[in-house]
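Student: My questions will all concern the structure given below.
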Amino acid sequence: MPKHPVTHFEVNARDAKAQQKFYADLFGWGIDTNNPQDYGIIDTKTKGHGINGGIGASQDGRNWITFYVETPDPAQTLSKVERLGGRTVMPPMDMAGLTYALFADPEGNVIGLAKMTNGQQQSQPTNGAKAATKTAKKTSTARKKTTARKKTTARASSTRRRTAKRR
């Protein structure tokens with residue numbers, strides 16, 4: 001049975017700047033917003049203990065938090081999700097050496113799936129904006145209408161995000 005590590009967490013907020021400041025002040029996290037969408041790529045400064053994440057602006061005005069799980073075959077995992085009573089929110093999509101998808105568990109919680117390629121070791125989902133990444137910081141995911149997300153190493157446009165809708 002393959003292992004499925006949690007590789008990234010994400011906070012999307014109505015006021016991303018305020019949330020970025022809150023978490024930086026609270027936990028001492030480094031938050032890099034040096035990108036066109038001001039998406040905050042979080043460095044928890046834990047040196048290999050725990051995972052990093054991101055804080056970005058919600059695209060639909062609602063705030064939400066999710067996590068992403070690495071899987072060797074997102075389509076196969078989505079099939080299993082549906083057999084177990086969940087539903088596909090966004091089918092597998094490929095972008096910048098990453099395949100990602102979203103599903104809702106039986107209670108409606110949306111979880112991301114990611115398959116890294118091209119030597120990537122950790123995903124870094126985002127709200128869909130482009131981000132400069134380093135070797136340890138990987139691709140990002142966007143969520144639209146509180147469910148659909150896009151992962152990119154160089155963030156996708158908000159127009160592209162608006163096309164993904166909850167099923």
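Identifiers in this document derive from the order of the structure tokens: chains are assigned A, B, ..., residues are numbered from 1 separately in each chain, and ligands are numbered from 1 in order of occurrence.
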So that I can see what lies close to Tyr39 of chain A, please list as a list in words the residues with an atom at most 7 Å from it, counting only C-alpha atoms and leaving out residues fewer than 3 positions away in the same chain.
Tutor: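 Counting only C-alpha atoms, the residues come to Thr33, Asn35, Ile55, Gly56 and Ala129 of chain A.
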Student: Excluding segment 103-113 of chain A and its own-chain neighbours fewer than 6 positions away, which residues fall within 7 Å of it when counting only C-alpha atoms? Please give them as an NGL selection string.
Tutor: :A and (66-71 or 74 or 78 or 85-90 or 147)
Student: Identify, on the basis of only C-alpha atoms, every residue whose closest approach to Val11 of chain A does not exceed 9 Å; exclude the query and any residue fewer than 3 positions from it along the same chain; express the result as a list of chain:residue names.
Tutor: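 After dropping sequence-adjacent residues, the list is A:Ala16, A:Gln19, A:Gly53, A:Gly54, A:Ile55, A:Gly56, A:Ala57, A:Ser58, A:Asn63, A:Trp64, A:Ile65, A:Thr66, A:Thr126, A:Asn127.
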Student: For the selection you just gave me, I'd like the residues written to a file as a PDB file, in the first residue's frame, keeping C-alpha atoms.
Tutor:
```
ATOM      1  CA  ALA A  16      -5.206  37.697   3.289  1.00  0.00           C
ATOM      2  CA  GLN A  19      -4.230  36.665   8.144  1.00  0.00           C
ATOM      3  CA  GLY A  53       1.837  26.064   3.616  1.00  0.00           C
ATOM      4  CA  GLY A  54       0.319  29.182   2.172  1.00  0.00           C
ATOM      5  CA  ILE A  55      -2.083  32.027   2.931  1.00  0.00           C
ATOM      6  CA  GLY A  56      -3.948  33.727   0.118  1.00  0.00           C
ATOM      7  CA  ALA A  57      -7.018  35.710  -0.741  1.00  0.00           C
ATOM      8  CA  SER A  58     -10.265  33.809  -1.184  1.00  0.00           C
ATOM      9  CA  ASN A  63     -12.552  31.807   4.076  1.00  0.00           C
ATOM     10  CA  TRP A  64     -11.447  28.161   4.189  1.00  0.00           C
ATOM     11  CA  ILE A  65      -8.613  25.879   5.194  1.00  0.00           C
ATOM     12  CA  THR A  66      -7.576  22.585   3.626  1.00  0.00           C
ATOM     13  CA  THR A 126      -1.882  28.057  -3.319  1.00  0.00           C
ATOM     14  CA  ASN A 127      -4.972  29.993  -4.120  1.00  0.00           C
TER      15      ASN A 127
END
```
Student: Could you tell me how far atom CA of Lys47 of chain A lies from atom CA of Trp29 of chain A, in Å and to one decimal?
Tutor: 12.1 Å
Student: Using DSSP secondary structure from the backbone, list all strand (DSSP E or B) positions within segment 8-69 of chain A, as a PyMOL selection string.
Tutor: chain A and resi 8-13+30-32+40-43+53-57+64-69
Student: If you measure from atom CA of Gln37 of chain A to atom CA of Gln59 of chain A, what distance in Å do you get, rounded to one decimal?
Tutor: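 Computed distance, atom CA of Gln37 of chain A to atom CA of Gln59 of chain A, equals 11.4 Å.
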Student: Quick check, in Å to one decimal: how far apart do atom CA of Val6 of chain A and atom CA of Pro91 of chain A lie?
Tutor: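 Atom CA of Val6 of chain A sits 19.1 Å away from atom CA of Pro91 of chain A.
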Student: Among segment 9-113 of chain A, which residues carry a DSSP assignment of alpha helix (DSSP H), reported as a VMD selection string?
Tutor: chain A and resid 16 to 27 74 to 83
Student: Would you save the residues of that selection, restricted to C-alpha atoms, as a short mmCIF file (atom, residue, chain, number, x, y, z; two decimals), in the first residue's frame?
Tutor:
```cif
data_model
loop_
_atom_site.label_atom_id
_atom_site.label_comp_id
_atom_site.auth_asym_id
_atom_site.auth_seq_id
_atom_site.Cartn_x
_atom_site.Cartn_y
_atom_site.Cartn_z
CA ALA A 16 -5.21 37.70 3.29
CA LYS A 17 -2.78 40.42 4.43
CA ALA A 18 -4.33 40.48 7.91
CA GLN A 19 -4.23 36.66 8.14
CA GLN A 20 -0.62 36.59 6.97
CA LYS A 21 0.34 39.10 9.68
CA PHE A 22 -1.67 37.23 12.32
CA TYR A 23 0.06 33.89 11.69
CA ALA A 24 3.51 35.44 11.27
CA ASP A 25 3.10 37.28 14.58
CA LEU A 26 1.53 34.31 16.36
CA PHE A 27 3.95 31.55 15.33
CA PRO A 74 -5.16 11.00 -8.36
CA ALA A 75 -7.77 9.54 -10.75
CA GLN A 76 -7.65 6.15 -9.03
CA THR A 77 -7.85 7.83 -5.62
CA LEU A 78 -10.93 9.81 -6.75
CA SER A 79 -12.58 6.55 -7.84
CA LYS A 80 -11.98 5.16 -4.38
CA VAL A 81 -13.32 8.39 -2.82
CA GLU A 82 -16.58 7.92 -4.72
CA ARG A 83 -16.84 4.22 -3.77
#
```
Student: Let me make sure I understand: among A:Thr7, A:Asp94, A:Ile31, A:Asp15, which one has the smallest atom-to-atom distance to Ile51 of chain A if we use only C-alpha atoms?
Tutor: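 That would be A:Thr7, the residue with the smallest distance to Ile51 of chain A.
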Student: Skip Asn52 of chain A itself and residues of its chain fewer than 6 positions away, then list as a PyMOL selection string all residues within 6 Å of it, counting only C-alpha atoms.
Tutor: chain A and resi 8+42-44
